[in-house]
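Text of the file my_file.pdb, holding PDB, C-alpha atoms:
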ATOM      1  CA  MET R   1     103.865 112.379  68.554
ATOM      2  CA  ALA R   2     104.512 115.742  66.816
ATOM      3  CA  ARG R   3     101.553 117.961  65.875
ATOM      4  CA  ILE R   4     100.825 118.238  62.111
ATOM      5  CA  ALA R   5     100.995 121.905  61.047
ATOM      6  CA  VAL R   6      97.886 123.561  59.623
ATOM      7  CA  THR R   7      98.427 125.194  56.191
ATOM      8  CA  PHE R   8      97.553 128.723  55.153
ATOM      9  CA  GLU R   9      95.096 127.356  52.571
ATOM     10  CA  GLN R  10      93.114 125.538  55.288
ATOM     11  CA  VAL R  11      92.939 128.643  57.479
ATOM     12  CA  ALA R  12      91.993 130.863  54.507
ATOM     13  CA  ALA R  13      89.234 128.463  53.425
ATOM     14  CA  VAL R  14      87.713 128.427  56.915
ATOM     15  CA  ALA R  15      88.018 132.238  57.250
ATOM     16  CA  ASN R  16      86.285 132.790  53.871
ATOM     17  CA  ALA R  17      83.502 130.387  54.857
ATOM     18  CA  LEU R  18      82.942 132.237  58.144
ATOM     19  CA  TYR R  19      83.009 135.569  56.301
ATOM     20  CA  THR R  20      80.234 134.401  54.001
ATOM     21  CA  GLN R  21      78.246 133.354  57.106
ATOM     22  CA  GLY R  22      78.344 136.936  58.367
ATOM     23  CA  ILE R  23      81.441 136.775  60.589
ATOM     24  CA  LYS R  24      83.381 139.614  58.959
ATOM     25  CA  ASP R  25      86.506 139.342  61.111
ATOM     26  CA  PRO R  26      86.797 135.776  62.471
ATOM     27  CA  GLY R  27      89.236 135.213  65.349
ATOM     28  CA  THR R  28      91.703 132.441  66.146
ATOM     29  CA  LYS R  29      89.245 130.600  68.423
ATOM     30  CA  ALA R  30      86.513 130.509  65.741
ATOM     31  CA  ILE R  31      88.990 129.286  63.102
ATOM     32  CA  ARG R  32      90.304 126.539  65.411
ATOM     33  CA  GLU R  33      86.794 125.360  66.349
ATOM     34  CA  GLU R  34      85.812 125.146  62.672
ATOM     35  CA  LEU R  35      89.011 123.227  61.861
ATOM     36  CA  ALA R  36      88.203 120.780  64.668
ATOM     37  CA  LYS R  37      84.718 120.205  63.217
ATOM     38  CA  ARG R  38      86.123 119.533  59.757
ATOM     39  CA  ALA R  39      88.957 117.269  61.028
ATOM     40  CA  GLY R  40      86.642 115.068  63.076
ATOM     41  CA  PRO R  41      87.683 112.946  66.103
ATOM     42  CA  GLY R  42      91.432 112.513  66.302
ATOM     43  CA  GLY R  43      92.131 115.046  63.523
ATOM     44  CA  THR R  44      94.562 117.945  63.699
ATOM     45  CA  THR R  45      93.451 121.505  64.534
ATOM     46  CA  GLY R  46      96.816 123.277  64.617
ATOM     47  CA  SER R  47      98.317 125.462  67.300
ATOM     48  CA  PRO R  48      96.822 128.910  68.102
ATOM     49  CA  ASN R  49     100.095 130.620  67.176
ATOM     50  CA  THR R  50     100.230 129.021  63.717
ATOM     51  CA  ILE R  51      96.557 129.773  63.052
ATOM     52  CA  GLN R  52      97.042 133.423  64.118
ATOM     53  CA  GLY R  53      99.954 133.819  61.686
ATOM     54  CA  HIS R  54      97.911 132.433  58.789
ATOM     55  CA  LEU R  55      94.909 134.554  59.827
ATOM     56  CA  ASN R  56      96.997 137.757  59.753
ATOM     57  CA  ARG R  57      98.121 136.911  56.239
ATOM     58  CA  TRP R  58      94.526 136.265  55.169
ATOM     59  CA  ARG R  59      93.431 139.641  56.556
ATOM     60  CA  ALA R  60      96.232 141.381  54.650
ATOM     61  CA  GLU R  61      95.931 139.502  51.339
ATOM     62  CA  ASN R  62      92.675 137.602  50.929
ATOM     63  CA  ARG R  63      90.011 139.192  53.102
ATOM     64  CA  PRO R  64      86.986 140.232  50.925
ATOM     65  CA  MET R  65      86.156 143.902  50.715
ATOM     66  CA  ASP R  66      82.931 145.081  52.382
ATOM     67  CA  ALA R  67      80.381 146.513  49.972
ATOM     68  CA  ALA R  68      79.257 149.954  51.065
ATOM     69  CA  GLU R  69      76.083 151.689  49.951
ATOM     70  CA  VAL R  70      76.855 155.072  48.393
ATOM     71  CA  PRO R  71      74.243 157.734  49.294
ATOM     72  CA  GLN R  72      72.612 159.666  46.472
ATOM     73  CA  LEU R  73      74.096 163.146  46.734
ATOM     74  CA  PRO R  74      74.636 165.942  44.209
ATOM     75  CA  ALA R  75      77.650 165.257  42.078
ATOM     76  CA  GLN R  76      79.559 168.387  43.115
ATOM     77  CA  LEU R  77      78.804 167.798  46.811
ATOM     78  CA  ALA R  78      79.611 164.136  46.511
ATOM     79  CA  ALA R  79      82.891 165.000  44.805
ATOM     80  CA  ASP R  80      83.811 167.536  47.502
ATOM     81  CA  ILE R  81      82.891 165.098  50.272
ATOM     82  CA  SER R  82      84.774 162.342  48.505
ATOM     83  CA  ARG R  83      87.919 164.496  48.192
ATOM     84  CA  ALA R  84      87.681 165.550  51.850
ATOM     85  CA  LEU R  85      87.043 161.992  52.982
ATOM     86  CA  ASN R  86      89.852 160.675  50.829
ATOM     87  CA  ALA R  87      92.266 163.278  52.223
ATOM     88  CA  ALA R  88      91.226 162.512  55.803
ATOM     89  CA  ALA R  89      91.206 158.800  55.112
ATOM     90  CA  SER R  90      94.655 159.031  53.554
ATOM     91  CA  VAL R  91      96.071 160.714  56.641
ATOM     92  CA  ALA R  92      94.221 158.357  58.966
ATOM     93  CA  ARG R  93      95.219 155.357  56.850
ATOM     94  CA  GLU R  94      98.884 156.288  57.027
ATOM     95  CA  ARG R  95      98.717 156.629  60.810
ATOM     96  CA  VAL R  96      96.739 153.413  61.149
ATOM     97  CA  GLU R  97      99.073 151.570  58.801
ATOM     98  CA  GLU R  98     102.125 152.749  60.750
ATOM     99  CA  ARG R  99     100.554 151.686  64.011
ATOM    100  CA  LEU R 100      99.318 148.443  62.459
ATOM    101  CA  ALA R 101     102.812 147.732  61.121
ATOM    102  CA  ARG R 102     104.290 148.172  64.595
ATOM    103  CA  VAL R 103     101.600 146.017  66.166
ATOM    104  CA  GLN R 104     101.954 143.406  63.422
ATOM    105  CA  ALA R 105     105.737 143.280  63.894
ATOM    106  CA  GLU R 106     105.314 142.816  67.646
ATOM    107  CA  PHE R 107     102.658 140.179  67.053
ATOM    108  CA  ASP R 108     104.842 138.325  64.542
ATOM    109  CA  ASP R 109     107.619 138.254  67.130
ATOM    110  CA  LEU R 110     105.220 136.809  69.685
ATOM    111  CA  VAL R 111     104.015 134.205  67.179
ATOM    112  CA  ALA R 112     107.605 133.196  66.429
ATOM    113  CA  VAL R 113     108.361 132.913  70.135
ATOM    114  CA  GLY R 114     105.189 130.864  70.657
ATOM    115  CA  GLU R 115     106.054 128.472  67.832
ATOM    116  CA  GLY R 116     109.570 128.065  69.227
ATOM    117  CA  SER R 117     108.096 127.341  72.660
ATOM    118  CA  GLU R 118     105.748 124.760  71.179
ATOM    119  CA  ALA R 119     108.638 123.045  69.403
ATOM    120  CA  ARG R 120     110.607 122.983  72.647
ATOM    121  CA  ILE R 121     107.592 121.611  74.512
ATOM    122  CA  GLU R 122     107.197 118.824  71.956
ATOM    123  CA  GLU R 123     110.917 118.033  72.236
ATOM    124  CA  LEU R 124     110.649 117.890  76.024
ATOM    125  CA  VAL R 125     107.558 115.641  75.764
ATOM    126  CA  ARG R 126     109.473 113.217  73.510
ATOM    127  CA  GLU R 127     112.443 113.281  75.886
ATOM    128  CA  LEU R 128     110.136 112.639  78.849
ATOM    129  CA  ALA R 129     108.566 109.674  77.020
ATOM    130  CA  ALA R 130     112.034 108.231  76.339
ATOM    131  CA  ARG R 131     113.073 108.683  79.974
ATOM    132  CA  THR R 132     109.814 107.112  81.159
ATOM    133  CA  SER R 133     110.368 104.105  78.886
ATOM    134  CA  GLU R 134     113.935 103.756  80.153
ATOM    135  CA  ARG R 135     112.739 103.971  83.757
ATOM    136  CA  ASP R 136     110.054 101.327  83.129
ATOM    137  CA  SER R 137     112.682  99.041  81.568
ATOM    138  CA  MET R 138     115.031  99.455  84.539
ATOM    139  CA  THR R 139     112.113  98.857  86.931
ATOM    140  CA  GLY R 140     111.264  95.623  85.108
ATOM    141  CA  GLN R 141     114.881  94.430  85.266
ATOM    142  CA  LEU R 142     115.076  95.252  88.963
ATOM    143  CA  ALA R 143     111.822  93.348  89.589
ATOM    144  CA  GLU R 144     113.245  90.300  87.762
ATOM    145  CA  ARG R 145     116.452  90.427  89.821
ATOM    146  CA  THR R 146     114.419  90.802  93.028
ATOM    147  CA  ALA R 147     112.324  87.739  92.085
ATOM    148  CA  GLU R 148     115.494  85.726  91.373
ATOM    149  CA  VAL R 149     116.955  86.741  94.739
ATOM    150  CA  ALA R 150     113.708  85.753  96.481
ATOM    151  CA  GLU R 151     113.776  82.334  94.778
ATOM    152  CA  LEU R 152     117.407  81.786  95.776
ATOM    153  CA  LYS R 153     116.611  82.849  99.338
ATOM    154  CA  THR R 154     113.802  80.295  99.424
ATOM    155  CA  ALA R 155     116.101  77.596  98.018
ATOM    156  CA  LEU R 156     118.799  78.483 100.535
ATOM    157  CA  THR R 157     116.309  78.375 103.405
ATOM    158  CA  THR R 158     115.081  74.947 102.255
ATOM    159  CA  ALA R 159     118.644  73.628 101.908
ATOM    160  CA  THR R 160     119.609  75.027 105.312
ATOM    161  CA  ASP R 161     116.577  73.406 106.961
ATOM    162  CA  LYS R 162     117.351  70.109 105.235
ATOM    163  CA  ALA R 163     121.013  70.303 106.294
ATOM    164  CA  ALA R 164     119.955  71.048 109.878
ATOM    165  CA  THR R 165     117.605  68.039 109.824
ATOM    166  CA  LEU R 166     120.369  65.808 108.465
ATOM    167  CA  GLU R 167     122.753  67.142 111.089
ATOM    168  CA  ARG R 168     120.270  66.276 113.849
ATOM    169  CA  GLU R 169     119.809  62.817 112.329
ATOM    170  CA  LEU R 170     123.587  62.428 112.140
ATOM    171  CA  HIS R 171     124.004  63.356 115.804
ATOM    172  CA  ALA R 172     121.260  60.898 116.728
ATOM    173  CA  ALA R 173     122.904  58.180 114.597
ATOM    174  CA  GLN R 174     126.297  58.876 116.157
ATOM    175  CA  ALA R 175     124.768  58.655 119.628
ATOM    176  CA  GLU R 176     123.026  55.411 118.687
ATOM    177  CA  ALA R 177     126.268  54.046 117.208
ATOM    178  CA  GLN R 178     128.156  54.933 120.358
ATOM    179  CA  ALA R 179     125.463  53.254 122.458
ATOM    180  CA  ALA R 180     125.610  50.174 120.177
ATOM    181  CA  ASN R 181     129.407  50.065 120.478
ATOM    182  CA  GLY R 182     129.021  50.276 124.237
ATOM    183  CA  ARG R 183     126.562  47.383 124.211
ATOM    184  CA  VAL R 184     128.880  45.371 121.935
ATOM    185  CA  ASP R 185     131.758  45.947 124.326
ATOM    186  CA  GLU R 186     129.633  44.940 127.293
ATOM    187  CA  ILE R 187     128.482  41.771 125.519
ATOM    188  CA  ARG R 188     132.048  40.929 124.435
ATOM    189  CA  GLN R 189     133.375  41.387 127.984
ATOM    190  CA  ALA R 190     130.538  39.347 129.470
ATOM    191  CA  THR R 191     131.156  36.577 126.908
ATOM    192  CA  GLU R 192     134.850  36.543 127.592
ATOM    193  CA  ARG R 193     134.202  36.342 131.333
ATOM    194  CA  GLN R 194     131.747  33.492 130.770
ATOM    195  CA  LEU R 195     134.170  31.630 128.500
ATOM    196  CA  THR R 196     136.961  32.134 130.997
ATOM    197  CA  LYS R 197     134.738  30.763 133.712
ATOM    198  CA  MET R 198     133.650  27.795 131.575
ATOM    199  CA  GLN R 199     137.211  27.095 130.539
ATOM    200  CA  ALA R 200     138.211  27.099 134.178
ATOM    201  CA  GLU R 201     135.385  24.714 134.979
ATOM    202  CA  LEU R 202     136.417  22.475 132.077
ATOM    203  CA  ASP R 203     139.999  22.461 133.261
ATOM    204  CA  HIS R 204     138.817  21.700 136.729
ATOM    205  CA  ALA R 205     136.647  18.894 135.416
ATOM    206  CA  ARG R 206     139.473  17.429 133.392
ATOM    207  CA  ALA R 207     141.760  17.642 136.389
ATOM    208  CA  ALA R 208     139.087  15.944 138.480
ATOM    209  CA  GLN R 209     138.704  13.302 135.778
ATOM    210  CA  ALA R 210     142.457  12.686 135.818
ATOM    211  CA  ASP R 211     142.515  12.528 139.594
ATOM    212  CA  ALA R 212     139.356  10.396 139.919
ATOM    213  CA  GLN R 213     139.594   8.219 136.820
ATOM    214  CA  HIS R 214     139.889   5.270 139.064
ATOM    215  CA  ARG R 215     136.402   6.046 140.401
ATOM    216  CA  GLY R 216     135.026   4.813 137.147
ATOM    217  CA  THR R 217     131.675   5.491 135.612
ATOM    218  CA  GLU R 218     130.479   8.314 137.886
ATOM    219  CA  ALA R 219     133.552  10.444 137.097
ATOM    220  CA  GLU R 220     133.088   9.841 133.370
ATOM    221  CA  LYS R 221     129.443  10.953 133.640
ATOM    222  CA  HIS R 222     130.568  14.163 135.372
ATOM    223  CA  VAL R 223     132.985  14.899 132.568
ATOM    224  CA  VAL R 224     130.311  14.286 129.898
ATOM    225  CA  ALA R 225     127.943  16.651 131.673
ATOM    226  CA  ALA R 226     130.621  19.348 131.859
ATOM    227  CA  GLU R 227     131.369  18.998 128.160
ATOM    228  CA  ALA R 228     127.657  19.262 127.320
ATOM    229  CA  HIS R 229     127.436  22.385 129.420
ATOM    230  CA  LEU R 230     130.470  23.789 127.603
ATOM    231  CA  ASP R 231     128.850  23.071 124.231
ATOM    232  CA  GLY R 232     125.814  25.034 125.333
ATOM    233  CA  GLU R 233     127.982  27.945 126.324
ATOM    234  CA  ARG R 234     129.744  27.795 122.945
ATOM    235  CA  ALA R 235     126.369  27.966 121.167
ATOM    236  CA  ALA R 236     125.464  31.006 123.299
ATOM    237  CA  LYS R 237     128.801  32.584 122.312
ATOM    238  CA  ALA R 238     128.011  32.010 118.607
ATOM    239  CA  ALA R 239     124.588  33.711 119.045
ATOM    240  CA  LEU R 240     126.217  36.647 120.791
ATOM    241  CA  GLU R 241     128.790  36.986 117.979
ATOM    242  CA  ALA R 242     125.950  37.034 115.394
ATOM    243  CA  GLN R 243     124.278  39.850 117.370
ATOM    244  CA  VAL R 244     127.591  41.739 117.422
ATOM    245  CA  ALA R 245     127.903  41.400 113.604
ATOM    246  CA  GLU R 246     124.367  42.752 113.190
ATOM    247  CA  LEU R 247     125.177  45.747 115.391
ATOM    248  CA  GLN R 248     128.356  46.419 113.375
ATOM    249  CA  GLY R 249     126.283  46.462 110.155
ATOM    250  CA  ALA R 250     123.977  49.038 111.737
ATOM    251  CA  VAL R 251     127.029  51.144 112.603
ATOM    252  CA  LYS R 252     128.184  51.047 108.966
ATOM    253  CA  ARG R 253     124.728  52.175 107.756
ATOM    254  CA  LEU R 254     124.814  55.078 110.206
ATOM    255  CA  GLU R 255     128.249  56.054 108.915
ATOM    256  CA  GLY R 256     126.755  56.188 105.361
ATOM    257  CA  GLU R 257     124.024  58.522 106.624
ATOM    258  CA  ALA R 258     126.759  60.718 108.125
ATOM    259  CA  ALA R 259     128.521  60.932 104.730
ATOM    260  CA  ARG R 260     125.268  62.057 103.039
ATOM    261  CA  ALA R 261     124.772  64.716 105.704
ATOM    262  CA  ALA R 262     128.286  66.013 104.991
ATOM    263  CA  GLY R 263     127.375  66.325 101.284
ATOM    264  CA  ALA R 264     124.223  68.296 102.176
ATOM    265  CA  GLU R 265     126.303  70.648 104.332
ATOM    266  CA  ALA R 266     128.673  71.288 101.357
ATOM    267  CA  SER R 267     125.647  72.025  99.097
ATOM    268  CA  ALA R 268     124.270  74.525 101.650
ATOM    269  CA  ALA R 269     127.675  76.257 101.777
ATOM    270  CA  GLY R 270     127.606  76.634  97.963
ATOM    271  CA  LEU R 271     124.119  78.178  98.111
ATOM    272  CA  ARG R 272     125.314  80.643 100.767
ATOM    273  CA  GLU R 273     128.154  81.735  98.471
ATOM    274  CA  GLN R 274     125.660  82.254  95.597
ATOM    275  CA  MET R 275     123.503  84.363  97.937
ATOM    276  CA  VAL R 276     126.492  86.581  98.784
ATOM    277  CA  LEU R 277     127.226  87.088  95.064
ATOM    278  CA  LEU R 278     123.582  87.974  94.362
ATOM    279  CA  ASN R 279     123.513  90.482  97.227
ATOM    280  CA  ASP R 280     126.687  92.104  95.815
ATOM    281  CA  THR R 281     124.984  92.298  92.362
ATOM    282  CA  ILE R 282     121.961  94.038  93.910
ATOM    283  CA  VAL R 283     124.238  96.571  95.628
ATOM    284  CA  ILE R 284     125.938  97.312  92.275
ATOM    285  CA  LEU R 285     122.567  97.731  90.500
ATOM    286  CA  ARG R 286     121.294 100.087  93.188
ATOM    287  CA  GLY R 287     124.504 102.118  92.899
ATOM    288  CA  LEU R 288     124.048 102.407  89.112
ATOM    289  CA  LEU R 289     120.422 103.495  89.530
ATOM    290  CA  GLN R 290     121.361 106.106  92.129
ATOM    291  CA  ALA R 291     124.186 107.405  89.895
ATOM    292  CA  ALA R 292     121.680 107.772  87.037
ATOM    293  CA  GLY R 293     119.332 109.788  89.292
ATOM    294  CA  LYS R 294     116.646 107.063  89.296
ATOM    295  CA  ASP R 295     114.278 106.220  92.112
ATOM    296  CA  VAL R 296     115.642 103.207  93.947
ATOM    297  CA  PRO R 297     113.075 100.981  95.726
ATOM    298  CA  PRO R 298     113.837 100.124  99.369
ATOM    299  CA  THR R 299     115.859  97.021 100.093
ATOM    300  CA  PRO R 300     113.455  94.092 100.745
ATOM    301  CA  PRO R 301     113.631  92.615 104.283
ATOM    302  CA  ALA R 302     115.987  89.689 104.701
ATOM    303  CA  ALA R 303     114.282  86.300 104.558
ATOM    304  CA  PRO R 304     114.873  83.708 107.265
ATOM    305  CA  GLY R 305     118.107  81.838 106.605
ATOM    306  CA  ASP R 306     120.010  84.784 104.973
ATOM    307  CA  ALA R 307     122.684  84.697 107.639
ATOM    308  CA  ALA R 308     122.327  81.098 108.795
ATOM    309  CA  PRO R 309     125.285  79.967 110.946
ATOM    310  CA  PRO R 310     127.489  77.170 109.515
ATOM    311  CA  LEU R 311     126.694  73.604 110.417
ATOM    312  CA  ALA R 312     128.267  72.254 113.562
ATOM    313  CA  LYS R 313     131.591  70.491 113.071
ATOM    314  CA  ARG R 314     131.134  66.754 112.871
ATOM    315  CA  LYS R 315     132.774  64.584 115.433
TER     316      LYS R 315
END

Let me see whether you can do it: turn the structure in this file into structure tokens.
Amino acid sequence: MARIAVTFEQVAAVANALYTQGIKDPGTKAIREELAKRAGPGGTTGSPNTIQGHLNRWRAENRPMDAAEVPQLPAQLAADISRALNAAASVARERVEERLARVQAEFDDLVAVGEGSEARIEELVRELAARTSERDSMTGQLAERTAEVAELKTALTTATDKAATLERELHAAQAEAQAANGRVDEIRQATERQLTKMQAELDHARAAQADAQHRGTEAEKHVVAAEAHLDGERAAKAALEAQVAELQGAVKRLEGEAARAAGAEASAAGLREQMVLLNDTIVILRGLLQAAGKDVPPTPPAAPGDAAPPLAKRK
């Protein structure tokens, strides 16, 4: 905020008041202190250079004349002394005025330089405030981008962990499916062997029945028993086939779990690509800040999962 200039009238009023209080030649410090008292807290007091310029003008134009007591002397003597004093004073006044003019000119130059310096200082203060505001704005934007990157890193880490868990579950399901297929094959082979054996026995029984039909009732009983045994084996085969169907349903469910794991892996790959884009954006922002001569905060340490290896290829 620019300083409000103090007027000549304010300085002259304060100087006259101090003069009446007995301070015949008040200085810049006394004027400024009195202005501060009159302005109150937060009021303007003016710069020393401005006050000095107004004070010089007051001394030249408005300063009251001191009343001097004239001694009671004889008229002729007083006249002679007055003429001599006036002549000496005239010579001294001319010399003093010349010297005062030189000093005043030098002082005016210094005052002008001081006012110019104050204006430049105020300009630099305003420029510094603008730069500080710009820096604070850039710092806030960088903090927001850093928070977004941290959130995405957390999301990527979570997705990667979930994908890894699904991959482990998929491998376990595949192993279980392979084991189930192996058991199904074993059961199928055992059933086929048993059926082959039973069929052979049945054929043998039928052949025996044909060869020993003449033996009558005992041969017929043997055939009936063989057929009953075959029916039992057929029922066992049906139970084994039902178990095989159940195992095949489990295999299909495991295949569904594998498809969901593949979708999770694709989602994790998309998050990794977003992370790469965000890292590139941070590099660009840091380059812009460095080009503008701004302080660039250090790169935050990489969170776990930043460079997670791709999921293993499914079998």

Query raised in the report: When you draw a straight line from atom CA of R:Lys162 to atom CA of R:Arg145, how long is it in Å?
Result: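 The value is 25.5 Å.
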
Requested in this report: Report the distance between atom CA of R:Ala259 and atom CA of R:Ala175 in Å, rounded to one decimal place.
Outcome: 15.5 Å

Every residue with an atom at most 12 Å from (85.2, 126.3, 54.9) (file coordinates; all atoms listed in the file) is what I'm after, so could you write them as a short mmCIF file (atom, residue, chain, number, x, y, z; two decimals) with C-alpha atoms, in the coordinates of the input?
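The resulting file, out.cif, is reproduced below:
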data_model
loop_
_atom_site.label_atom_id
_atom_site.label_comp_id
_atom_site.auth_asym_id
_atom_site.auth_seq_id
_atom_site.Cartn_x
_atom_site.Cartn_y
_atom_site.Cartn_z
CA GLU R 9 95.10 127.36 52.57
CA GLN R 10 93.11 125.54 55.29
CA VAL R 11 92.94 128.64 57.48
CA ALA R 12 91.99 130.86 54.51
CA ALA R 13 89.23 128.46 53.42
CA VAL R 14 87.71 128.43 56.92
CA ALA R 15 88.02 132.24 57.25
CA ASN R 16 86.28 132.79 53.87
CA ALA R 17 83.50 130.39 54.86
CA LEU R 18 82.94 132.24 58.14
CA TYR R 19 83.01 135.57 56.30
CA THR R 20 80.23 134.40 54.00
CA GLN R 21 78.25 133.35 57.11
CA ALA R 30 86.51 130.51 65.74
CA ILE R 31 88.99 129.29 63.10
CA ARG R 32 90.30 126.54 65.41
CA GLU R 33 86.79 125.36 66.35
CA GLU R 34 85.81 125.15 62.67
CA LEU R 35 89.01 123.23 61.86
CA ALA R 36 88.20 120.78 64.67
CA LYS R 37 84.72 120.20 63.22
CA ARG R 38 86.12 119.53 59.76
CA ALA R 39 88.96 117.27 61.03
#

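Using all atoms listed in the file, the nearest neighbour of R:Glu192 within the list R:Leu124, R:Ala163, R:Ala87, R:Ala236 is R:Ala236.
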
Report summary line: What separates atom CA of R:Ala258 and atom CA of R:Gly182 is a distance of 19.3 Å

Specify the axis-aligned box that encloses all atoms of stretch 123-137 of chain R listed in the file after padding of 6 Å on each side, stating its centre and edge lengths in Å to one decimal as lines of an AutoDock Vina configuration file.
center_x = 110.7
center_y = 108.5
center_z = 78.0
size_x = 18.4
size_y = 31.0
size_z = 23.5

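This file, filtered with the PyMOL selection byres ((chain R and resi 149-156) around 8), gives the residues Arg145, Thr146, Ala147, Glu148, Thr157, Thr158, Ala159, Thr160, Ala268, Leu271, Arg272, Met275, Leu278, Asn279, Ala303, Gly305 and Asp306 of chain R.
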
Query raised in the report: For the point (117.6, 106.1, 83.7) in file coordinates, what residues are within 9 Å, counting only C-alpha atoms? Give the answer as a list in words?
Result: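 Selection result: Arg131, Thr132, Ser133, Glu134, Arg135, Asp136, Ser137, Met138, Leu289, Ala292, Gly293 and Lys294 of chain R.
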
Query - Shell of 10 Å around stretch 110-120 of chain R, all atoms listed in the file, local chain residues under 2 positions omitted, as a ChimeraX atom specification - result: /R:2-3,47-53,104-108,122-126

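Among the candidates R:Phe8, R:Ala262, R:Ala143, R:Asp203, the one nearest to R:Ile282 when counting only C-alpha atoms is R:Ala143.
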
Query - Spatial neighbours of stretch 239-243 of chain R, max dist 12 Å, only C-alpha atoms, sep filter under 3 positions, as a count of residues only - result: 23

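Across R:Leu277, R:Leu202, R:Ala207, R:Leu254, the tightest approach to R:Ala228 is made by R:Leu202 when counting all atoms listed in the file.
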